[in-house]
Amino acid sequence: MEIIITKGKNRNTLICKRNDETLTSVNLGPDIPHHDIAHYVVEKEFKLENGFYGKIKSGMTVEELSDKEIIQNLGSETWLSEIMARNLQSMGSGAIKIEQFIELIHWEAKTTDRVKVPNMNLTDIKRMKSEFDRLCKKWNSTPENGELTLVFE
């Protein structure tokens, strides 16, 4: 699946083009792409097939994944993806340290039913943060009307 984030003047657009050529898209606020990039990095690093992008790849729309009633019934891997993406974004902004990431993921997973945290170590987290920082830097240097394209297998 191809993930295309287009930079607008005051809004950005997320388009997910599945391998069968179907797509789903949504207009985003100006800062949202960093969270979408975090989802991409986390789901790719830990091979989460039922995270945000995995659900889209399997046919769900962004609108469905924004519906509170649908969100409540998503599986544990989707919730894990959200917890990890949110904490990766916090780490990227400097709100938490690399060394705190694993502990925070375990703590937050305990507050959410059925979420199982994968095995991870500091090397995994550093690699993930490095990729997140690289992609955010690339996004930040993307000109207006430019695109950041990611491939989610």
# chains A, B, ... in the order shown; residues from 1 in each chain; ligands from 1
$ residues_around --residues "Lys47 of chain A" --least-positions-apart "2" --cutoff "12 Å" --atoms "only C-alpha atoms" --output "VMD selection string"
chain A and resid 39 to 45 49 to 54 77 to 78 80 to 81 118 152 to 153
$ residues_around --residues "Leu148 of chain A" --least-positions-apart "6" --cutoff "7 Å" --atoms "only C-alpha atoms" --output "number ranges by chain"
A: 4-6, 139
$ residues_around --residues "segment 103-114 of chain A" --least-positions-apart "2" --cutoff "9 Å" --atoms "only C-alpha atoms" --output "JSON, numbers by chain"
{"A": [75, 76, 77, 79, 80, 83, 84, 87, 99, 100, 101, 116, 117]}
$ write_last_selection --atoms "C-alpha atoms" --output "JSON list (two decimals), in the first residue's frame"
[["chain", "number", "residue", "atom", "x", "y", "z"],
["A", 75, "GLY", "CA", -8.57, -5.41, 18.26],
["A", 76, "SER", "CA", -5.72, -5.17, 20.71],
["A", 77, "GLU", "CA", -3.05, -4.72, 18.03],
["A", 79, "TRP", "CA", -4.75, -0.20, 20.34],
["A", 80, "LEU", "CA", -1.09, -1.17, 20.71],
["A", 83, "ILE", "CA", -0.21, 3.63, 22.20],
["A", 84, "MET", "CA", 3.16, 3.15, 20.51],
["A", 87, "ASN", "CA", 4.61, 7.64, 22.62],
["A", 99, "GLU", "CA", 14.94, 5.15, 27.94],
["A", 100, "GLN", "CA", 11.34, 5.76, 29.14],
["A", 101, "PHE", "CA", 9.59, 4.47, 26.00],
["A", 116, "LYS", "CA", 0.13, -7.45, 24.49],
["A", 117, "VAL", "CA", 3.41, -5.60, 24.16]]
$ residues_around --residues "segment 21-29 of chain A" --least-positions-apart "6" --cutoff "6 Å" --atoms "only C-alpha atoms" --output "number ranges by chain"
A: 11-15, 61
$ write_last_selection --atoms "C-alpha atoms" --output "mmCIF file, in the first residue's frame"
data_model
loop_
_atom_site.group_PDB
_atom_site.id
_atom_site.type_symbol
_atom_site.label_atom_id
_atom_site.label_comp_id
_atom_site.auth_asym_id
_atom_site.auth_seq_id
_atom_site.Cartn_x
_atom_site.Cartn_y
_atom_site.Cartn_z
ATOM 1 C CA ARG A 11 -4.174 21.670 5.738
ATOM 2 C CA ASN A 12 -2.562 18.435 4.671
ATOM 3 C CA THR A 13 -4.033 15.411 2.935
ATOM 4 C CA LEU A 14 -3.483 11.735 3.697
ATOM 5 C CA ILE A 15 -4.179 9.299 0.860
ATOM 6 C CA THR A 61 -11.516 3.738 5.489
#
$ select_by_dssp --residues "segment 12-146 of chain A" --states "strand (DSSP E or B)" --output "list in words"
Asn12, Thr13, Leu14, Ile15, Cys16, Lys17, Leu23, Thr24, Ser25, Val26, Asn27 and Leu28 of chain A
$ write_last_selection --atoms "C-alpha atoms" --output "mmCIF file, in the first residue's frame"
data_model
loop_
_atom_site.group_PDB
_atom_site.id
_atom_site.type_symbol
_atom_site.label_atom_id
_atom_site.label_comp_id
_atom_site.auth_asym_id
_atom_site.auth_seq_id
_atom_site.Cartn_x
_atom_site.Cartn_y
_atom_site.Cartn_z
ATOM 1 C CA ASN A 12 -2.562 18.435 4.671
ATOM 2 C CA THR A 13 -4.033 15.411 2.935
ATOM 3 C CA LEU A 14 -3.483 11.735 3.697
ATOM 4 C CA ILE A 15 -4.179 9.299 0.860
ATOM 5 C CA CYS A 16 -3.788 5.539 1.218
ATOM 6 C CA LYS A 17 -3.713 3.720 -2.107
ATOM 7 C CA LEU A 23 -8.051 4.350 -1.904
ATOM 8 C CA THR A 24 -9.154 6.239 1.143
ATOM 9 C CA SER A 25 -8.222 9.807 2.005
ATOM 10 C CA VAL A 26 -8.781 12.499 4.582
ATOM 11 C CA ASN A 27 -7.931 16.160 5.064
ATOM 12 C CA LEU A 28 -5.649 16.630 8.058
#
$ residues_around --residues "segment 126-133 of chain A" --least-positions-apart "4" --cutoff "7 Å" --atoms "only C-alpha atoms" --output "JSON, numbers by chain"
{"A": [37, 38, 41, 45, 88, 92, 98, 122, 137]}
$ closest_residue --among "A:Phe46, A:Arg18, A:Leu150, A:Cys136" --to "Met60 of chain A" --atoms "only C-alpha atoms"
A:Arg18
$ select_by_dssp --residues "segment 15-133 of chain A" --states "alpha helix (DSSP H)" --output "mmCIF file with N, CA, C and O atoms, in the first residue's frame"
data_model
loop_
_atom_site.group_PDB
_atom_site.id
_atom_site.type_symbol
_atom_site.label_atom_id
_atom_site.label_comp_id
_atom_site.auth_asym_id
_atom_site.auth_seq_id
_atom_site.Cartn_x
_atom_site.Cartn_y
_atom_site.Cartn_z
ATOM 1 N N PRO A 33 0.343 15.147 10.382
ATOM 2 C CA PRO A 33 1.191 14.160 9.699
ATOM 3 C C PRO A 33 2.247 13.505 10.578
ATOM 4 O O PRO A 33 2.613 12.368 10.336
ATOM 5 N N HIS A 34 2.728 14.186 11.612
ATOM 6 C CA HIS A 34 3.732 13.553 12.466
ATOM 7 C C HIS A 34 3.151 12.318 13.163
ATOM 8 O O HIS A 34 3.841 11.316 13.334
ATOM 9 N N HIS A 35 1.899 12.371 13.547
ATOM 10 C CA HIS A 35 1.265 11.210 14.171
ATOM 11 C C HIS A 35 1.101 10.082 13.147
ATOM 12 O O HIS A 35 1.336 8.916 13.455
ATOM 13 N N ASP A 36 0.715 10.431 11.929
ATOM 14 C CA ASP A 36 0.573 9.427 10.869
ATOM 15 C C ASP A 36 1.916 8.801 10.522
ATOM 16 O O ASP A 36 2.000 7.604 10.239
ATOM 17 N N ILE A 37 2.970 9.596 10.546
ATOM 18 C CA ILE A 37 4.318 9.078 10.321
ATOM 19 C C ILE A 37 4.703 8.140 11.462
ATOM 20 O O ILE A 37 5.295 7.080 11.233
ATOM 21 N N ALA A 38 4.351 8.499 12.691
ATOM 22 C CA ALA A 38 4.653 7.640 13.844
ATOM 23 C C ALA A 38 3.959 6.288 13.696
ATOM 24 O O ALA A 38 4.565 5.239 13.971
ATOM 25 N N HIS A 39 2.694 6.290 13.259
ATOM 26 C CA HIS A 39 1.995 5.018 13.030
ATOM 27 C C HIS A 39 2.753 4.178 12.005
ATOM 28 O O HIS A 39 2.949 2.974 12.198
ATOM 29 N N TYR A 40 3.162 4.795 10.925
ATOM 30 C CA TYR A 40 3.888 4.086 9.874
ATOM 31 C C TYR A 40 5.154 3.432 10.434
ATOM 32 O O TYR A 40 5.405 2.241 10.221
ATOM 33 N N VAL A 41 5.943 4.200 11.175
ATOM 34 C CA VAL A 41 7.210 3.699 11.703
ATOM 35 C C VAL A 41 6.986 2.551 12.685
ATOM 36 O O VAL A 41 7.630 1.510 12.595
ATOM 37 N N VAL A 42 6.061 2.731 13.616
ATOM 38 C CA VAL A 42 5.771 1.707 14.631
ATOM 39 C C VAL A 42 5.253 0.426 13.981
ATOM 40 O O VAL A 42 5.723 -0.677 14.294
ATOM 41 N N GLU A 43 4.294 0.559 13.095
ATOM 42 C CA GLU A 43 3.680 -0.626 12.482
ATOM 43 C C GLU A 43 4.660 -1.362 11.588
ATOM 44 O O GLU A 43 4.643 -2.592 11.514
ATOM 45 N N LYS A 44 5.531 -0.620 10.938
ATOM 46 C CA LYS A 44 6.544 -1.245 10.094
ATOM 47 C C LYS A 44 7.614 -1.928 10.956
ATOM 48 O O LYS A 44 7.988 -3.069 10.702
ATOM 49 N N GLU A 45 8.091 -1.239 11.976
ATOM 50 C CA GLU A 45 9.156 -1.777 12.847
ATOM 51 C C GLU A 45 8.723 -3.064 13.543
ATOM 52 O O GLU A 45 9.486 -4.019 13.631
ATOM 53 N N PHE A 52 -3.278 0.885 12.496
ATOM 54 C CA PHE A 52 -4.017 1.861 11.680
ATOM 55 C C PHE A 52 -3.861 1.556 10.183
ATOM 56 O O PHE A 52 -4.846 1.391 9.467
ATOM 57 N N TYR A 53 -2.618 1.460 9.711
ATOM 58 C CA TYR A 53 -2.399 1.224 8.279
ATOM 59 C C TYR A 53 -2.750 -0.197 7.863
ATOM 60 O O TYR A 53 -3.206 -0.418 6.741
ATOM 61 N N GLY A 54 -2.586 -1.155 8.758
ATOM 62 C CA GLY A 54 -3.001 -2.523 8.450
ATOM 63 C C GLY A 54 -4.502 -2.612 8.239
ATOM 64 O O GLY A 54 -4.981 -3.314 7.346
ATOM 65 N N LYS A 55 -5.262 -1.889 9.070
ATOM 66 C CA LYS A 55 -6.724 -1.861 8.921
ATOM 67 C C LYS A 55 -7.108 -1.198 7.599
ATOM 68 O O LYS A 55 -8.021 -1.664 6.911
ATOM 69 N N ILE A 56 -6.420 -0.130 7.243
ATOM 70 C CA ILE A 56 -6.703 0.526 5.963
ATOM 71 C C ILE A 56 -6.331 -0.399 4.804
ATOM 72 O O ILE A 56 -7.091 -0.543 3.846
ATOM 73 N N LYS A 57 -5.181 -1.037 4.916
ATOM 74 C CA LYS A 57 -4.743 -1.965 3.872
ATOM 75 C C LYS A 57 -5.770 -3.076 3.650
ATOM 76 O O LYS A 57 -5.997 -3.515 2.533
ATOM 77 N N LYS A 68 -16.040 6.671 16.712
ATOM 78 C CA LYS A 68 -15.875 6.201 18.087
ATOM 79 C C LYS A 68 -16.474 4.825 18.329
ATOM 80 O O LYS A 68 -15.927 4.024 19.069
ATOM 81 N N GLU A 69 -17.604 4.533 17.702
ATOM 82 C CA GLU A 69 -18.223 3.220 17.898
ATOM 83 C C GLU A 69 -17.379 2.105 17.285
ATOM 84 O O GLU A 69 -17.267 1.019 17.849
ATOM 85 N N ILE A 70 -16.793 2.365 16.141
ATOM 86 C CA ILE A 70 -15.939 1.363 15.496
ATOM 87 C C ILE A 70 -14.635 1.213 16.275
ATOM 88 O O ILE A 70 -14.166 0.098 16.515
ATOM 89 N N ILE A 71 -14.066 2.337 16.700
ATOM 90 C CA ILE A 71 -12.802 2.309 17.436
ATOM 91 C C ILE A 71 -12.896 1.429 18.683
ATOM 92 O O ILE A 71 -11.980 0.676 18.996
ATOM 93 N N SER A 76 -6.788 -5.626 19.825
ATOM 94 C CA SER A 76 -5.722 -5.170 20.714
ATOM 95 C C SER A 76 -4.507 -4.637 19.951
ATOM 96 O O SER A 76 -3.838 -3.720 20.418
ATOM 97 N N GLU A 77 -4.214 -5.196 18.786
ATOM 98 C CA GLU A 77 -3.054 -4.723 18.032
ATOM 99 C C GLU A 77 -3.273 -3.302 17.523
ATOM 100 O O GLU A 77 -2.322 -2.517 17.430
ATOM 101 N N THR A 78 -4.511 -2.946 17.225
ATOM 102 C CA THR A 78 -4.816 -1.581 16.805
ATOM 103 C C THR A 78 -4.562 -0.619 17.960
ATOM 104 O O THR A 78 -3.989 0.459 17.772
ATOM 105 N N TRP A 79 -4.978 -1.031 19.162
ATOM 106 C CA TRP A 79 -4.748 -0.196 20.345
ATOM 107 C C TRP A 79 -3.262 -0.091 20.649
ATOM 108 O O TRP A 79 -2.766 0.982 21.013
ATOM 109 N N LEU A 80 -2.535 -1.187 20.506
ATOM 110 C CA LEU A 80 -1.086 -1.171 20.710
ATOM 111 C C LEU A 80 -0.437 -0.186 19.744
ATOM 112 O O LEU A 80 0.425 0.609 20.136
ATOM 113 N N SER A 81 -0.856 -0.221 18.496
ATOM 114 C CA SER A 81 -0.325 0.702 17.496
ATOM 115 C C SER A 81 -0.539 2.153 17.905
ATOM 116 O O SER A 81 0.361 2.992 17.774
ATOM 117 N N GLU A 82 -1.725 2.450 18.420
ATOM 118 C CA GLU A 82 -2.028 3.820 18.850
ATOM 119 C C GLU A 82 -1.162 4.218 20.046
ATOM 120 O O GLU A 82 -0.602 5.318 20.078
ATOM 121 N N ILE A 83 -1.034 3.344 21.014
ATOM 122 C CA ILE A 83 -0.211 3.626 22.200
ATOM 123 C C ILE A 83 1.240 3.879 21.788
ATOM 124 O O ILE A 83 1.880 4.843 22.235
ATOM 125 N N MET A 84 1.764 3.021 20.921
ATOM 126 C CA MET A 84 3.159 3.151 20.513
ATOM 127 C C MET A 84 3.386 4.382 19.646
ATOM 128 O O MET A 84 4.398 5.082 19.798
ATOM 129 N N ALA A 85 2.454 4.677 18.741
ATOM 130 C CA ALA A 85 2.596 5.854 17.878
ATOM 131 C C ALA A 85 2.570 7.135 18.705
ATOM 132 O O ALA A 85 3.381 8.043 18.498
ATOM 133 N N ARG A 86 1.659 7.200 19.641
ATOM 134 C CA ARG A 86 1.544 8.387 20.497
ATOM 135 C C ARG A 86 2.830 8.601 21.300
ATOM 136 O O ARG A 86 3.339 9.711 21.416
ATOM 137 N N ASN A 87 3.382 7.518 21.842
ATOM 138 C CA ASN A 87 4.612 7.639 22.624
ATOM 139 C C ASN A 87 5.841 7.897 21.755
ATOM 140 O O ASN A 87 6.756 8.605 22.177
ATOM 141 N N LEU A 88 5.865 7.372 20.546
ATOM 142 C CA LEU A 88 6.961 7.691 19.620
ATOM 143 C C LEU A 88 6.917 9.176 19.270
ATOM 144 O O LEU A 88 7.951 9.847 19.231
ATOM 145 N N GLN A 89 5.731 9.685 19.027
ATOM 146 C CA GLN A 89 5.590 11.108 18.728
ATOM 147 C C GLN A 89 6.053 11.945 19.923
ATOM 148 O O GLN A 89 6.728 12.959 19.750
ATOM 149 N N SER A 90 5.718 11.531 21.136
ATOM 150 C CA SER A 90 6.168 12.234 22.342
ATOM 151 C C SER A 90 7.688 12.183 22.470
ATOM 152 O O SER A 90 8.324 13.165 22.837
ATOM 153 N N MET A 91 8.251 11.044 22.133
ATOM 154 C CA MET A 91 9.699 10.906 22.177
ATOM 155 C C MET A 91 10.344 11.818 21.140
ATOM 156 O O MET A 91 11.348 12.482 21.421
ATOM 157 N N GLY A 92 9.747 11.886 19.965
ATOM 158 C CA GLY A 92 10.269 12.745 18.907
ATOM 159 C C GLY A 92 10.241 14.219 19.277
ATOM 160 O O GLY A 92 11.108 14.992 18.868
ATOM 161 N N SER A 93 9.254 14.611 20.069
ATOM 162 C CA SER A 93 9.143 16.021 20.472
ATOM 163 C C SER A 93 9.991 16.335 21.702
ATOM 164 O O SER A 93 10.100 17.490 22.102
ATOM 165 N N PHE A 101 10.578 4.952 26.966
ATOM 166 C CA PHE A 101 9.592 4.472 26.003
ATOM 167 C C PHE A 101 9.028 3.102 26.379
ATOM 168 O O PHE A 101 7.806 2.937 26.471
ATOM 169 N N ILE A 102 9.871 2.127 26.583
ATOM 170 C CA ILE A 102 9.404 0.759 26.843
ATOM 171 C C ILE A 102 8.560 0.710 28.110
ATOM 172 O O ILE A 102 7.482 0.106 28.130
ATOM 173 N N GLU A 103 9.020 1.373 29.159
ATOM 174 C CA GLU A 103 8.273 1.397 30.415
ATOM 175 C C GLU A 103 6.895 2.030 30.225
ATOM 176 O O GLU A 103 5.890 1.519 30.738
ATOM 177 N N LEU A 104 6.830 3.121 29.482
ATOM 178 C CA LEU A 104 5.547 3.791 29.248
ATOM 179 C C LEU A 104 4.597 2.928 28.424
ATOM 180 O O LEU A 104 3.393 2.902 28.687
ATOM 181 N N ILE A 105 5.123 2.214 27.449
ATOM 182 C CA ILE A 105 4.286 1.334 26.632
ATOM 183 C C ILE A 105 3.682 0.241 27.524
ATOM 184 O O ILE A 105 2.486 -0.033 27.465
ATOM 185 N N HIS A 106 4.502 -0.372 28.354
ATOM 186 C CA HIS A 106 4.004 -1.419 29.256
ATOM 187 C C HIS A 106 2.977 -0.859 30.234
ATOM 188 O O HIS A 106 1.948 -1.490 30.482
ATOM 189 N N TRP A 107 3.244 0.312 30.785
ATOM 190 C CA TRP A 107 2.318 0.929 31.741
ATOM 191 C C TRP A 107 0.967 1.214 31.080
ATOM 192 O O TRP A 107 -0.080 0.873 31.614
ATOM 193 N N GLU A 108 1.009 1.824 29.896
ATOM 194 C CA GLU A 108 -0.247 2.170 29.236
ATOM 195 C C GLU A 108 -0.985 0.928 28.749
ATOM 196 O O GLU A 108 -2.213 0.877 28.769
ATOM 197 N N ALA A 109 -0.252 -0.090 28.310
ATOM 198 C CA ALA A 109 -0.883 -1.332 27.854
ATOM 199 C C ALA A 109 -1.654 -2.001 28.983
ATOM 200 O O ALA A 109 -2.697 -2.616 28.755
ATOM 201 N N LYS A 110 -1.171 -1.881 30.211
ATOM 202 C CA LYS A 110 -1.862 -2.472 31.365
ATOM 203 C C LYS A 110 -3.217 -1.811 31.600
ATOM 204 O O LYS A 110 -4.119 -2.439 32.153
ATOM 205 N N LEU A 122 16.235 -1.451 23.727
ATOM 206 C CA LEU A 122 16.648 -0.075 23.486
ATOM 207 C C LEU A 122 17.151 0.131 22.055
ATOM 208 O O LEU A 122 16.922 1.185 21.462
ATOM 209 N N THR A 123 17.791 -0.875 21.489
ATOM 210 C CA THR A 123 18.269 -0.780 20.105
ATOM 211 C C THR A 123 17.090 -0.619 19.149
ATOM 212 O O THR A 123 17.144 0.199 18.215
ATOM 213 N N ASP A 124 16.010 -1.385 19.378
ATOM 214 C CA ASP A 124 14.799 -1.251 18.547
ATOM 215 C C ASP A 124 14.243 0.162 18.631
ATOM 216 O O ASP A 124 13.853 0.751 17.628
ATOM 217 N N ILE A 125 14.195 0.690 19.848
ATOM 218 C CA ILE A 125 13.602 2.003 20.072
ATOM 219 C C ILE A 125 14.461 3.093 19.433
ATOM 220 O O ILE A 125 13.931 4.016 18.796
ATOM 221 N N LYS A 126 15.763 2.987 19.563
ATOM 222 C CA LYS A 126 16.657 3.968 18.934
ATOM 223 C C LYS A 126 16.520 3.940 17.421
ATOM 224 O O LYS A 126 16.500 4.995 16.772
ATOM 225 N N ARG A 127 16.434 2.753 16.849
ATOM 226 C CA ARG A 127 16.278 2.620 15.394
ATOM 227 C C ARG A 127 14.949 3.240 14.949
ATOM 228 O O ARG A 127 14.883 3.973 13.973
ATOM 229 N N MET A 128 13.901 2.964 15.712
ATOM 230 C CA MET A 128 12.581 3.499 15.395
ATOM 231 C C MET A 128 12.579 5.030 15.494
ATOM 232 O O MET A 128 12.052 5.716 14.614
ATOM 233 N N LYS A 129 13.168 5.570 16.544
ATOM 234 C CA LYS A 129 13.223 7.019 16.712
ATOM 235 C C LYS A 129 14.026 7.664 15.582
ATOM 236 O O LYS A 129 13.651 8.711 15.051
ATOM 237 N N SER A 130 15.115 7.031 15.199
ATOM 238 C CA SER A 130 15.940 7.547 14.105
ATOM 239 C C SER A 130 15.143 7.619 12.796
ATOM 240 O O SER A 130 15.202 8.612 12.071
ATOM 241 N N GLU A 131 14.389 6.576 12.517
ATOM 242 C CA GLU A 131 13.556 6.558 11.303
ATOM 243 C C GLU A 131 12.454 7.606 11.390
ATOM 244 O O GLU A 131 12.173 8.313 10.422
ATOM 245 N N PHE A 132 11.824 7.734 12.553
ATOM 246 C CA PHE A 132 10.788 8.751 12.754
ATOM 247 C C PHE A 132 11.370 10.152 12.546
ATOM 248 O O PHE A 132 10.797 10.964 11.818
ATOM 249 N N ASP A 133 12.512 10.419 13.154
ATOM 250 C CA ASP A 133 13.156 11.729 13.003
ATOM 251 C C ASP A 133 13.508 12.009 11.548
ATOM 252 O O ASP A 133 13.317 13.124 11.058
#
$ closest_residue --among "A:Lys97, A:Glu63, A:Leu74, A:Thr149" --to "Glu2 of chain A" --atoms "only C-alpha atoms"
A:Thr149
$ closest_residue --among "A:Lys7, A:Ser141, A:Val62, A:Val151" --to "Asn19 of chain A" --atoms "only C-alpha atoms"
A:Val151
$ atom_distance --atom1 "atom CA of Gly94 of chain A" --atom2 "atom CA of Pro143 of chain A"
24.8 Å
